[in-house]
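Trainee: This is final_39.cif (mmCIF, C-alpha atoms and all ligand atoms).
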data_structure
loop_
_atom_site.label_atom_id
_atom_site.label_comp_id
_atom_site.auth_asym_id
_atom_site.auth_seq_id
_atom_site.Cartn_x
_atom_site.Cartn_y
_atom_site.Cartn_z
CA MET A 1 88.19 94.39 59.81
CA MET A 2 86.04 93.97 62.89
CA ARG A 3 82.82 95.93 63.32
CA VAL A 4 80.92 96.15 66.59
CA THR A 5 77.48 97.73 66.35
CA GLY A 6 75.15 98.86 69.12
CA ILE A 7 76.20 96.47 71.86
CA SER A 8 74.34 96.80 75.15
CA LYS A 9 74.50 94.67 78.28
CA ARG A 10 72.65 94.89 81.56
CA PHE A 11 73.21 92.81 84.66
CA LYS A 12 70.73 92.08 87.39
CA SER A 13 72.16 92.63 90.83
CA TYR A 14 70.50 90.87 93.77
CA HIS A 15 71.18 91.74 97.40
CA THR A 16 71.09 88.09 98.44
CA PRO A 17 70.69 84.80 96.51
CA ALA A 18 67.29 84.44 98.20
CA ASP A 19 66.09 87.59 96.38
CA ARG A 20 66.58 85.78 93.07
CA LEU A 21 64.25 83.03 94.27
CA LYS A 22 61.76 85.50 95.73
CA GLU A 23 61.62 87.30 92.39
CA ILE A 24 60.65 84.09 90.59
CA ILE A 25 58.10 82.95 93.16
CA LEU A 26 56.53 86.30 94.07
CA ARG A 27 56.86 87.74 90.55
CA LYS A 28 58.07 91.01 92.00
CA LYS A 29 61.24 92.89 91.18
CA TYR A 30 63.95 92.15 93.74
CA HIS A 31 66.94 93.23 91.69
CA ARG A 32 68.75 96.39 90.66
CA ASP A 33 69.61 96.82 86.97
CA ILE A 34 73.24 97.59 86.25
CA VAL A 35 73.92 99.06 82.84
CA ALA A 36 77.35 97.61 82.02
CA LEU A 37 77.30 98.71 78.35
CA GLU A 38 74.95 100.95 76.39
CA ASP A 39 74.96 101.18 72.60
CA ILE A 40 78.67 100.57 72.02
CA SER A 41 79.88 100.75 68.41
CA PHE A 42 83.39 100.81 66.99
CA GLU A 43 85.54 99.42 64.19
CA VAL A 44 89.06 98.03 64.15
CA GLY A 45 90.79 97.73 60.79
CA GLU A 46 93.40 95.21 59.72
CA GLY A 47 96.73 95.85 61.42
CA GLU A 48 95.10 98.38 63.73
CA THR A 49 95.09 98.55 67.52
CA LEU A 50 92.17 100.03 69.40
CA GLY A 51 92.71 101.03 73.03
CA ILE A 52 89.89 100.96 75.54
CA VAL A 53 90.39 103.02 78.67
CA GLY A 54 88.15 103.90 81.57
CA GLN A 55 87.95 103.76 85.31
CA ASN A 56 87.06 100.68 87.35
CA GLY A 57 83.58 99.51 86.50
CA ALA A 58 83.45 101.43 83.20
CA GLY A 59 82.61 98.25 81.27
CA LYS A 60 85.96 97.29 79.72
CA SER A 61 85.97 93.64 80.85
CA THR A 62 82.34 93.25 79.81
CA ILE A 63 83.26 94.30 76.25
CA LEU A 64 86.10 91.77 76.22
CA LYS A 65 83.88 89.00 77.53
CA ILE A 66 81.28 89.73 74.87
CA LEU A 67 83.90 89.83 72.09
CA SER A 68 85.39 86.56 73.21
CA GLY A 69 82.00 84.86 73.43
CA ILE A 70 82.01 84.33 77.21
CA LEU A 71 79.00 86.64 77.55
CA LEU A 72 76.15 87.32 75.15
CA PRO A 73 75.11 90.93 74.58
CA ASP A 74 71.47 91.93 75.12
CA THR A 75 71.52 93.80 71.81
CA GLY A 76 74.01 94.53 69.07
CA SER A 77 76.25 92.59 66.74
CA ILE A 78 79.90 91.77 66.09
CA GLU A 79 81.09 91.22 62.54
CA ILE A 80 84.47 89.65 61.95
CA ASP A 81 85.82 87.39 59.26
CA GLY A 82 87.73 85.02 61.56
CA LYS A 83 88.47 84.24 65.18
CA ILE A 84 88.83 86.49 68.22
CA THR A 85 91.13 85.18 70.94
CA GLY A 86 93.02 86.70 73.81
CA LEU A 87 93.89 86.58 77.45
CA LEU A 88 90.77 86.62 79.48
CA GLU A 89 90.18 85.72 83.10
CA LEU A 90 93.05 83.28 83.33
CA GLY A 91 91.72 79.78 83.50
CA THR A 92 88.74 80.24 81.17
CA GLY A 93 88.63 77.16 78.95
CA PHE A 94 91.19 75.30 81.12
CA ASN A 95 90.72 72.21 83.28
CA PRO A 96 92.92 72.37 86.41
CA GLU A 97 93.15 68.57 86.68
CA LEU A 98 94.62 68.16 83.17
CA THR A 99 98.26 68.66 82.21
CA GLY A 100 99.55 71.61 80.21
CA ILE A 101 99.57 69.54 77.02
CA GLU A 102 96.07 68.20 77.60
CA ASN A 103 94.92 71.76 78.17
CA ILE A 104 96.52 72.84 74.89
CA TYR A 105 94.14 70.41 73.19
CA MET A 106 91.15 71.40 75.27
CA ASN A 107 91.66 75.15 75.12
CA GLY A 108 92.74 74.98 71.46
CA THR A 109 89.48 73.21 70.61
CA PHE A 110 87.59 75.84 72.64
CA LEU A 111 89.28 78.49 70.44
CA GLY A 112 88.09 76.75 67.29
CA MET A 113 91.21 74.79 66.29
CA SER A 114 90.95 71.30 64.82
CA ARG A 115 92.92 68.38 66.31
CA THR A 116 95.23 68.28 63.27
CA GLU A 117 95.88 72.01 63.59
CA ILE A 118 96.74 71.58 67.27
CA ASP A 119 99.01 68.59 66.44
CA GLN A 120 100.90 70.85 64.03
CA LYS A 121 101.18 73.84 66.35
CA LYS A 122 101.66 72.06 69.68
CA ALA A 123 105.48 72.23 69.54
CA ASP A 124 105.43 75.99 68.80
CA MET A 125 102.98 76.59 71.62
CA MET A 126 105.12 74.62 74.06
CA ASP A 127 108.30 76.37 72.90
CA PHE A 128 106.77 79.79 73.26
CA ALA A 129 105.35 79.11 76.75
CA GLU A 130 108.77 77.89 78.02
CA LEU A 131 107.25 75.86 80.83
CA GLY A 132 109.86 73.08 80.77
CA GLU A 133 108.78 69.88 82.48
CA PHE A 134 105.75 71.63 83.97
CA ILE A 135 103.97 71.16 80.65
CA TYR A 136 103.47 67.49 81.71
CA GLU A 137 102.03 68.48 85.13
CA PRO A 138 98.38 69.25 85.95
CA ILE A 139 97.87 72.98 85.62
CA LYS A 140 96.50 73.23 89.18
CA THR A 141 100.21 73.18 90.15
CA TYR A 142 100.94 76.27 88.00
CA SER A 143 101.53 79.77 89.31
CA SER A 144 99.34 82.48 87.76
CA GLY A 145 102.33 83.61 85.66
CA MET A 146 102.78 80.07 84.29
CA LEU A 147 99.07 79.82 83.52
CA MET A 148 99.29 83.11 81.67
CA ARG A 149 102.26 81.84 79.61
CA LEU A 150 100.22 78.85 78.50
CA ALA A 151 97.04 80.84 77.86
CA PHE A 152 98.87 83.47 75.80
CA SER A 153 100.75 80.90 73.79
CA ILE A 154 97.61 79.00 72.83
CA ALA A 155 95.60 82.16 72.08
CA ILE A 156 98.23 83.75 69.79
CA HIS A 157 98.92 80.49 67.94
CA ALA A 158 95.21 79.96 67.23
CA GLU A 159 95.59 82.37 64.27
CA PRO A 160 92.98 84.89 65.32
CA LYS A 161 91.94 87.86 63.21
CA CYS A 162 91.59 89.92 66.36
CA PHE A 163 93.58 89.55 69.57
CA LEU A 164 92.32 90.84 72.91
CA VAL A 165 94.96 92.11 75.29
CA ASP A 166 94.13 93.16 78.82
CA GLU A 167 95.75 93.52 82.22
CA ALA A 168 96.08 89.72 82.47
CA LEU A 169 99.31 90.25 80.53
CA SER A 170 100.80 91.95 83.57
CA VAL A 171 100.64 88.66 85.51
CA GLY A 172 103.65 87.46 83.52
CA ASP A 173 107.18 88.33 84.58
CA ALA A 174 109.02 91.17 82.82
CA TYR A 175 110.85 88.77 80.49
CA PHE A 176 107.67 87.07 79.32
CA GLN A 177 105.76 90.34 79.03
CA GLN A 178 108.42 91.65 76.64
CA LYS A 179 108.25 88.41 74.67
CA CYS A 180 104.45 88.73 74.46
CA MET A 181 104.69 92.35 73.33
CA ARG A 182 107.08 91.38 70.54
CA LYS A 183 104.66 88.65 69.45
CA ILE A 184 101.71 91.05 69.58
CA ILE A 185 103.57 93.60 67.42
CA GLU A 186 104.48 90.81 64.96
CA PHE A 187 100.78 89.83 64.86
CA LYS A 188 99.78 93.45 64.19
CA ASN A 189 102.41 93.86 61.46
CA LYS A 190 100.96 90.81 59.72
CA GLY A 191 97.58 92.56 59.55
CA GLY A 192 95.99 91.35 62.81
CA SER A 193 93.61 93.63 64.71
CA ILE A 194 94.16 94.21 68.41
CA ILE A 195 91.96 95.45 71.19
CA PHE A 196 94.09 96.69 74.04
CA ILE A 197 92.67 97.35 77.47
CA SER A 198 94.99 98.91 79.97
CA HIS A 199 95.32 101.35 82.82
CA ASP A 200 98.80 102.17 81.50
CA MET A 201 98.20 105.38 79.55
CA ASN A 202 101.71 105.50 78.11
CA ALA A 203 101.20 102.04 76.62
CA VAL A 204 97.84 103.11 75.17
CA LYS A 205 99.43 106.14 73.51
CA THR A 206 102.37 104.13 72.23
CA LEU A 207 100.59 101.05 70.94
CA CYS A 208 97.17 102.18 69.80
CA ASP A 209 96.01 103.76 66.56
CA SER A 210 92.73 104.89 68.08
CA ALA A 211 91.09 104.70 71.49
CA ILE A 212 87.77 104.73 73.27
CA LEU A 213 87.09 106.33 76.63
CA LEU A 214 84.41 104.39 78.46
CA ASP A 215 82.50 105.73 81.43
CA LYS A 216 79.64 103.92 83.14
CA GLY A 217 79.07 101.76 80.07
CA HIS A 218 78.96 104.66 77.60
CA ILE A 219 81.50 105.84 75.06
CA LEU A 220 82.51 109.31 76.24
CA ASP A 221 85.01 109.87 73.45
CA TYR A 222 86.43 107.93 70.50
CA GLY A 223 89.43 108.98 68.42
CA ASP A 224 93.12 109.71 68.55
CA PRO A 225 94.74 107.96 71.60
CA LYS A 226 96.61 111.06 72.74
CA SER A 227 93.51 113.21 73.08
CA ILE A 228 91.60 110.30 74.66
CA VAL A 229 94.32 109.89 77.29
CA ASP A 230 94.35 113.64 77.98
CA PHE A 231 90.57 113.57 78.35
CA TYR A 232 90.88 110.58 80.69
CA TYR A 233 93.43 112.44 82.83
CA GLY A 234 90.96 115.30 82.91
CA MET A 235 88.29 112.98 84.29
CA ILE A 236 90.67 111.70 86.95
CA LEU A 237 91.57 115.28 87.84
CA GLN A 238 87.91 116.00 88.30
CA LYS A 239 87.33 112.98 90.50
CA SER A 240 90.45 113.46 92.60
CA HIS A 241 89.73 117.11 93.20
CA MET A 242 88.37 117.34 96.70
CA GLY A 243 87.41 120.99 96.50
CA ASP A 244 84.04 122.09 95.29
CA ALA A 245 85.22 123.74 92.08
CA GLU A 246 84.01 122.44 88.75
CA VAL A 247 86.69 121.12 86.40
CA GLU A 248 86.69 122.13 82.78
CA VAL A 249 88.65 120.55 79.97
CA LYS A 250 89.53 123.05 77.29
CA LYS A 251 92.16 123.81 74.69
CA ILE A 252 94.52 126.66 75.52
CA CYS A 253 97.37 128.23 73.63
CA VAL A 254 100.38 129.51 75.60
CA SER A 255 103.09 128.97 72.98
CA GLU A 256 103.18 129.68 69.28
CA LYS A 257 103.35 125.96 68.56
CA GLY A 258 99.73 125.23 68.92
CA GLU A 259 97.10 124.03 71.28
CA SER A 260 97.43 122.37 74.63
CA SER A 261 94.73 120.32 76.26
CA ASN A 262 94.30 122.01 79.59
CA THR A 263 92.36 120.52 82.46
CA SER A 264 91.74 123.02 85.17
CA THR A 265 89.54 123.65 88.15
CA GLY A 266 89.68 127.30 87.14
CA GLU A 267 91.44 128.14 90.41
CA VAL A 268 94.84 128.67 88.81
CA LYS A 269 95.80 129.96 85.41
CA LEU A 270 98.80 129.15 83.26
CA VAL A 271 99.94 132.60 82.16
CA SER A 272 103.02 131.72 80.13
CA PHE A 273 105.53 128.98 79.41
CA LYS A 274 108.99 129.60 77.98
CA ILE A 275 111.99 127.52 77.02
CA LEU A 276 115.29 129.35 77.50
CA ASN A 277 118.89 128.40 76.87
CA GLU A 278 121.81 129.13 79.22
CA ARG A 279 121.97 132.71 77.87
CA ASN A 280 118.27 133.16 78.71
CA GLU A 281 117.30 133.31 75.03
CA ASN A 282 114.00 131.79 73.90
CA VAL A 283 114.70 128.56 72.06
CA SER A 284 112.68 125.87 70.38
CA TYR A 285 115.55 123.45 69.88
CA ILE A 286 118.75 122.57 71.70
CA GLU A 287 121.65 120.19 71.26
CA SER A 288 121.36 117.03 73.36
CA GLU A 289 123.04 117.35 76.79
CA GLN A 290 122.73 121.16 76.84
CA THR A 291 121.21 122.85 79.85
CA VAL A 292 117.78 124.31 79.36
CA LYS A 293 115.36 126.33 81.49
CA PHE A 294 111.60 125.84 81.46
CA VAL A 295 109.95 128.92 82.90
CA CYS A 296 106.34 128.72 83.80
CA GLU A 297 104.14 131.53 85.14
CA ILE A 298 101.09 130.60 87.14
CA GLU A 299 98.44 132.93 88.50
CA SER A 300 96.39 131.80 91.44
CA LEU A 301 92.75 132.74 91.52
CA LYS A 302 92.31 131.60 95.14
CA ASP A 303 94.46 131.32 98.27
CA LEU A 304 96.68 128.24 98.11
CA SER A 305 98.17 127.11 101.42
CA GLU A 306 100.70 124.63 100.07
CA PRO A 307 101.09 124.89 96.29
CA HIS A 308 103.13 122.37 94.32
CA TYR A 309 104.30 122.54 90.73
CA GLY A 310 105.19 119.72 88.37
CA LEU A 311 106.72 119.21 84.96
CA SER A 312 106.73 116.26 82.60
CA VAL A 313 108.68 115.60 79.43
CA ARG A 314 107.23 113.12 76.93
CA ASN A 315 108.71 111.80 73.72
CA ASN A 316 106.93 111.72 70.37
CA LEU A 317 105.29 108.40 71.28
CA GLY A 318 103.77 110.03 74.34
CA VAL A 319 106.02 108.05 76.68
CA SER A 320 107.00 109.96 79.79
CA VAL A 321 110.79 110.28 79.83
CA PHE A 322 110.93 112.45 82.92
CA GLU A 323 108.37 113.69 85.38
CA THR A 324 108.63 115.29 88.80
CA ASN A 325 107.09 117.91 91.05
CA THR A 326 108.19 120.13 93.90
CA TYR A 327 106.43 117.91 96.47
CA CYS A 328 108.38 114.82 95.35
CA MET A 329 111.56 116.89 95.38
CA GLY A 330 110.94 117.88 99.02
CA ILE A 331 110.59 121.58 98.20
CA HIS A 332 108.34 123.66 100.47
CA ASN A 333 106.81 126.46 98.41
CA PRO A 334 105.43 129.63 99.98
CA PRO A 335 101.64 129.95 100.03
CA LEU A 336 100.03 131.86 97.19
CA LYS A 337 97.45 134.55 97.75
CA ARG A 338 94.55 135.03 95.40
CA GLY A 339 95.64 137.17 92.46
CA GLN A 340 99.36 136.47 92.97
CA THR A 341 101.56 135.18 90.18
CA VAL A 342 104.44 132.80 90.67
CA LYS A 343 107.30 132.02 88.30
CA ILE A 344 108.72 128.50 88.43
CA THR A 345 112.00 127.75 86.68
CA TYR A 346 113.16 124.21 86.05
CA GLU A 347 116.79 124.24 84.99
CA MET A 348 118.10 120.92 83.78
CA LYS A 349 120.33 119.04 81.41
CA MET A 350 118.61 117.20 78.61
CA PRO A 351 120.82 114.23 77.62
CA LEU A 352 118.00 112.87 75.43
CA SER A 353 118.24 111.29 72.01
CA ALA A 354 117.35 113.47 69.03
CA GLY A 355 113.63 114.07 68.54
CA ASN A 356 110.69 116.21 69.57
CA TYR A 357 109.67 116.32 73.22
CA SER A 358 106.46 117.75 74.60
CA LEU A 359 106.31 119.57 77.91
CA SER A 360 103.37 119.43 80.30
CA VAL A 361 102.90 121.30 83.56
CA GLY A 362 100.74 120.69 86.58
CA VAL A 363 99.72 122.52 89.72
CA ALA A 364 98.34 121.03 92.92
CA ASN A 365 97.63 122.20 96.41
CA LYS A 366 98.69 120.29 99.55
CA GLY A 367 100.69 117.09 99.63
CA TYR A 368 99.97 113.52 98.69
CA ASP A 369 97.08 111.79 100.26
CA ARG A 370 96.46 108.15 99.40
CA GLY A 371 99.03 108.28 96.61
CA ALA A 372 97.66 111.38 94.89
CA PHE A 373 97.64 115.10 95.54
CA GLU A 374 94.82 116.21 97.77
CA GLU A 375 93.81 118.93 95.33
CA TYR A 376 94.77 118.85 91.68
CA LEU A 377 94.24 122.29 90.21
CA LEU A 378 95.70 122.27 86.73
CA MET A 379 97.12 119.81 84.25
CA ALA A 380 98.22 121.46 81.01
CA HIS A 381 99.37 118.85 78.50
CA ASP A 382 101.84 119.61 75.74
CA VAL A 383 102.17 123.33 76.42
CA ASP A 384 105.27 123.44 74.26
CA ILE A 385 107.52 121.27 72.12
CA LEU A 386 111.30 121.18 72.43
CA SER A 387 113.31 119.69 69.58
CA ILE A 388 116.57 118.05 70.49
CA VAL A 389 119.30 117.56 67.92
CA SER A 390 122.27 115.21 68.35
CA LYS A 391 125.40 116.53 69.95
CA ASP A 392 128.24 116.46 67.42
CA ASP A 393 130.84 114.87 69.66
CA ALA A 394 128.51 112.48 71.53
CA ILE A 395 128.97 108.72 71.33
CA ILE A 396 126.74 106.87 68.88
CA TYR A 397 123.94 105.14 70.77
CA SER A 398 120.34 104.12 70.37
CA GLY A 399 117.63 104.35 73.00
CA VAL A 400 115.98 107.18 74.87
CA PHE A 401 118.89 108.98 76.49
CA ASN A 402 122.65 109.00 76.69
CA MET A 403 123.63 107.16 79.85
CA ASP A 404 127.21 108.19 79.18
CA PRO A 405 128.84 104.87 80.12
CA GLN A 406 132.45 104.79 81.31
CA VAL A 407 133.79 101.59 79.72
CA SER A 408 136.91 99.68 80.62
CA VAL A 409 138.01 96.65 78.63
CA LYS A 410 140.70 94.52 80.27
N1 LIG B 1 78.35 89.34 86.50
C1 LIG B 1 78.00 90.57 86.86
N2 LIG B 1 76.89 90.77 87.61
C2 LIG B 1 76.51 92.03 87.99
N3 LIG B 1 77.16 93.15 87.63
C3 LIG B 1 78.26 93.00 86.89
C4 LIG B 1 78.75 91.72 86.47
N4 LIG B 1 79.88 91.90 85.72
C5 LIG B 1 80.07 93.25 85.69
N5 LIG B 1 79.12 93.90 86.37
C6 LIG B 1 78.99 95.36 86.51
O1 LIG B 1 79.12 95.94 85.22
C7 LIG B 1 79.84 97.15 85.28
C8 LIG B 1 81.04 97.06 84.35
O2 LIG B 1 81.97 96.11 84.86
P1 LIG B 1 83.34 95.73 84.13
O3 LIG B 1 83.95 94.62 84.92
O4 LIG B 1 83.08 95.50 82.70
O5 LIG B 1 84.20 97.07 84.32
P2 LIG B 1 85.74 97.33 84.01
O6 LIG B 1 85.79 98.60 83.26
O7 LIG B 1 86.35 96.13 83.38
O8 LIG B 1 86.36 97.54 85.45
P3 LIG B 1 87.86 97.20 86.01
O9 LIG B 1 88.77 98.26 85.47
O10 LIG B 1 87.66 97.33 87.49
O11 LIG B 1 88.20 95.81 85.59
C9 LIG B 1 80.23 97.34 86.74
O12 LIG B 1 79.27 98.21 87.32
C10 LIG B 1 80.11 95.96 87.34
O13 LIG B 1 79.75 96.03 88.70
#
Any chance you could give the structure as structure tokens?
Ligand SMILES: Nc1ncnc2c1ncn2[C@@H]1O[C@H](COP(=O)(O)OP(=O)(O)OP(=O)(O)O)[C@@H](O)[C@H]1O

Mentor:
Amino acid sequence: MMRVTGISKRFKSYHTPADRLKEIILRKKYHRDIVALEDISFEVGEGETLGIVGQNGAGKSTILKILSGILLPDTGSIEIDGKITGLLELGTGFNPELTGIENIYMNGTFLGMSRTEIDQKKADMMDFAELGEFIYEPIKTYSSGMLMRLAFSIAIHAEPKCFLVDEALSVGDAYFQQKCMRKIIEFKNKGGSIIFISHDMNAVKTLCDSAILLDKGHILDYGDPKSIVDFYYGMILQKSHMGDAEVEVKKICVSEKGESSNTSTGEVKLVSFKILNERNENVSYIESEQTVKFVCEIESLKDLSEPHYGLSVRNNLGVSVFETNTYCMGIHNPPLKRGQTVKITYEMKMPLSAGNYSLSVGVANKGYDRGAFEEYLLMAHDVDILSIVSKDDAIIYSGVFNMDPQVSVK
């Protein structure tokens, strides 16, 4: 178990290096205080993964640096019965002039391993990193992906109690990332604690047992990863909304199956959401590969010049299995006048594996600008759940959906 209590960290920001000198000599304040973290507390149990999410500058890296001992907090404490290691700022604890093997010794020592321990684990570390002959070369000749392979291998073999995972993992190629993920899951299953920092919300929902939403150094919310991610999306909606409307995050109920976390500017309203089969009957479950209709009624509370509507289907791990919107599909929708209601029907086949799938809907106005809609108006998460049961005569397969392969064996 790891317990972090009341951690705070401030940085002094100087306009120029000369200001630092002036401050000392003239004994006058020449800096601006930046609150990177304020009174951060959390716990991670054995075998648990805590996700930390937040926008750029929220304080995520500062937490990791404090946990790994690179930075000291101004206040607060960290209690853990063992080591904390992880992937941090690639190169920390490495000497570029030394070979991969020499760096295993140096970095291993930095992570608290004895020489005998490193002697015993060196072969495993080298095997895992798969660097071939490069392991005998100075690491200044390594690509960032190769450096990451070495850093990960040493950090995970150092037998930590808590492992820190951040975006540095994405430097590795897809093959090595998968290998790292398998190792991380193995570590977790053996009782290791993990702190996972990522901008990939699907990964946070899939891998974490709990999550923290950080904003400007403060914990905005702490709890179940799914609601944290929904809250985070709500924040993004608010920031990407270029209109002047206030955004509210609230729970709504449009189906009998429970609550949906609805983030809305209040300019459109989700009136109803229905799941129908081919005979237009309301259904809550279908057989895999059947056609289904999702019918969504939206009321506009202001004039919308170029409305767009989106739908996403997520599996029970929160992973998006399908997501699209009318803008991406090249559909030009008629404008909506204030007070008008529009009915959007998505008719599609669902060749998904058996399980429960949640449906989310979104509404935006105007097209993409800088990779996002100009005006997000509504994001209603998990408005309904559709259960899919296996199709009797389907092939036996595992995975997310039936790709229906045509096989020829010659
Ligand atoms: N060495 C430093 N000196 C001054 N300010 C700093 C320093 N390191 C971080 N900060 C400030 O602290 C705040 C938190 O930064 P941090 O890097 O922890 O954010 P982050 O959530 O990791 O962001 P990102 O997602 O962009 O990596 C930011 O305002 C940043 O400018």

Trainee: Name the closest residue to Leu111 in chain A among the candidates A:Tyr30, A:Tyr233, A:Phe163, A:Tyr136; distances are taken between atoms, counting only C-alpha atoms.

Mentor: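 The closest residue to Leu111 in chain A is A:Phe163.
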
Trainee: Neighbours of ligand LIG 1 (chain B) at 10 Å or closer, counting all atoms listed in the file: which residues, as a ChimeraX atom specification?

Mentor: /A:9-14,32-37,52-66,71,166-167,197-199,214-217

Trainee: Residues near range 95-104 of chain A, anyone? I mean within 9 Å using only C-alpha atoms, not counting same-chain ones fewer than 5 positions away, as a PyMOL selection string.

Mentor: chain A and resi 109+118+122+125-126+131+134-141+147+150-151+154

Trainee: From the list A:Leu378, A:Ala354, A:Leu359, A:Leu213, which residue is nearest Ala394 in chain A when using only C-alpha atoms?

Mentor: A:Ala354

Trainee: Between CA of Cys208 in chain A and CA of Phe196 in chain A, what is the distance, to one decimal in Å?

Mentor: 7.6 Å

Trainee: Please, what distance in Å, to one decimal, runs between CA of Glu48 in chain A and CA of Met2 in chain A?

Mentor: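 Going from CA of Glu48 in chain A over to CA of Met2 in chain A covers 10.1 Å.
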
Trainee: Just the number, please: distance in Å from CA of Lys274 in chain A to CA of Asn325 in chain A, one decimal.

Mentor: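 Between CA of Lys274 in chain A and CA of Asn325 in chain A the gap is 17.6 Å.
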
Trainee: Could you name the residues that touch range 303-314 of chain A at 8 Å or less, counting only C-alpha atoms, but leaving out those on the same chain fewer than 6 positions away, as a list in words?

Mentor: Ser320, Val321, Phe322, Glu323, Thr324, Asn325, Thr326, Tyr327, His332, Asn333, Pro334, Pro335, Leu336, Lys337, Arg338, Ile344, Tyr357, Ser358, Leu359, Ser360, Val361, Gly362, Val363, Ala364, Asn365, Lys366 and Gly367 of chain A

Trainee: What lies within 7 Å of Ser77 in chain A using only C-alpha atoms, ignoring chain neighbours under 5 positions off, as a list in words?

Mentor: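 In the requested format, the answer is Val4, Thr5, Gly6 and Ile7 of chain A.
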
Trainee: Pick the closest to Gly399 in chain A from A:Lys302, A:Asp384, A:Leu207, A:Ser353: which is it, counting all atoms listed in the file?

Mentor: A:Ser353

Trainee: Could you tell me which of A:Phe94, A:Phe128, A:Tyr142, A:Tyr376 comes closest to Val268 in chain A if we count only C-alpha atoms?

Mentor: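 Distance minimum relative to Val268 in chain A lands on A:Tyr376.
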
Trainee: List as a PyMOL selection string the protein and nucleic acid residues near Gly45 in chain A, meaning an atom at most 10 Å away when only C-alpha atoms are counted, but skip any in the same chain fewer than 5 places from it.

Mentor: chain A and resi 1-3+50+162+191-194+209

Trainee: Name all residues at most 8 Å from Ala155 in chain A (count all atoms listed in the file; drop same-chain ones fewer than 4 positions away) and give them as number ranges by chain.

Mentor: A: 85-87, 108, 111, 151, 159-160

Trainee: For a quick check of understanding, using only C-alpha atoms, which of A:Ser210, A:Asn107, A:Thr345, A:Thr92 has the smallest distance to Gly51 in chain A?

Mentor: A:Ser210

Trainee: A:Val319, A:Val342, A:Ile212, A:Cys328: which is nearest Cys296 in chain A, counting only C-alpha atoms?

Mentor: A:Val342
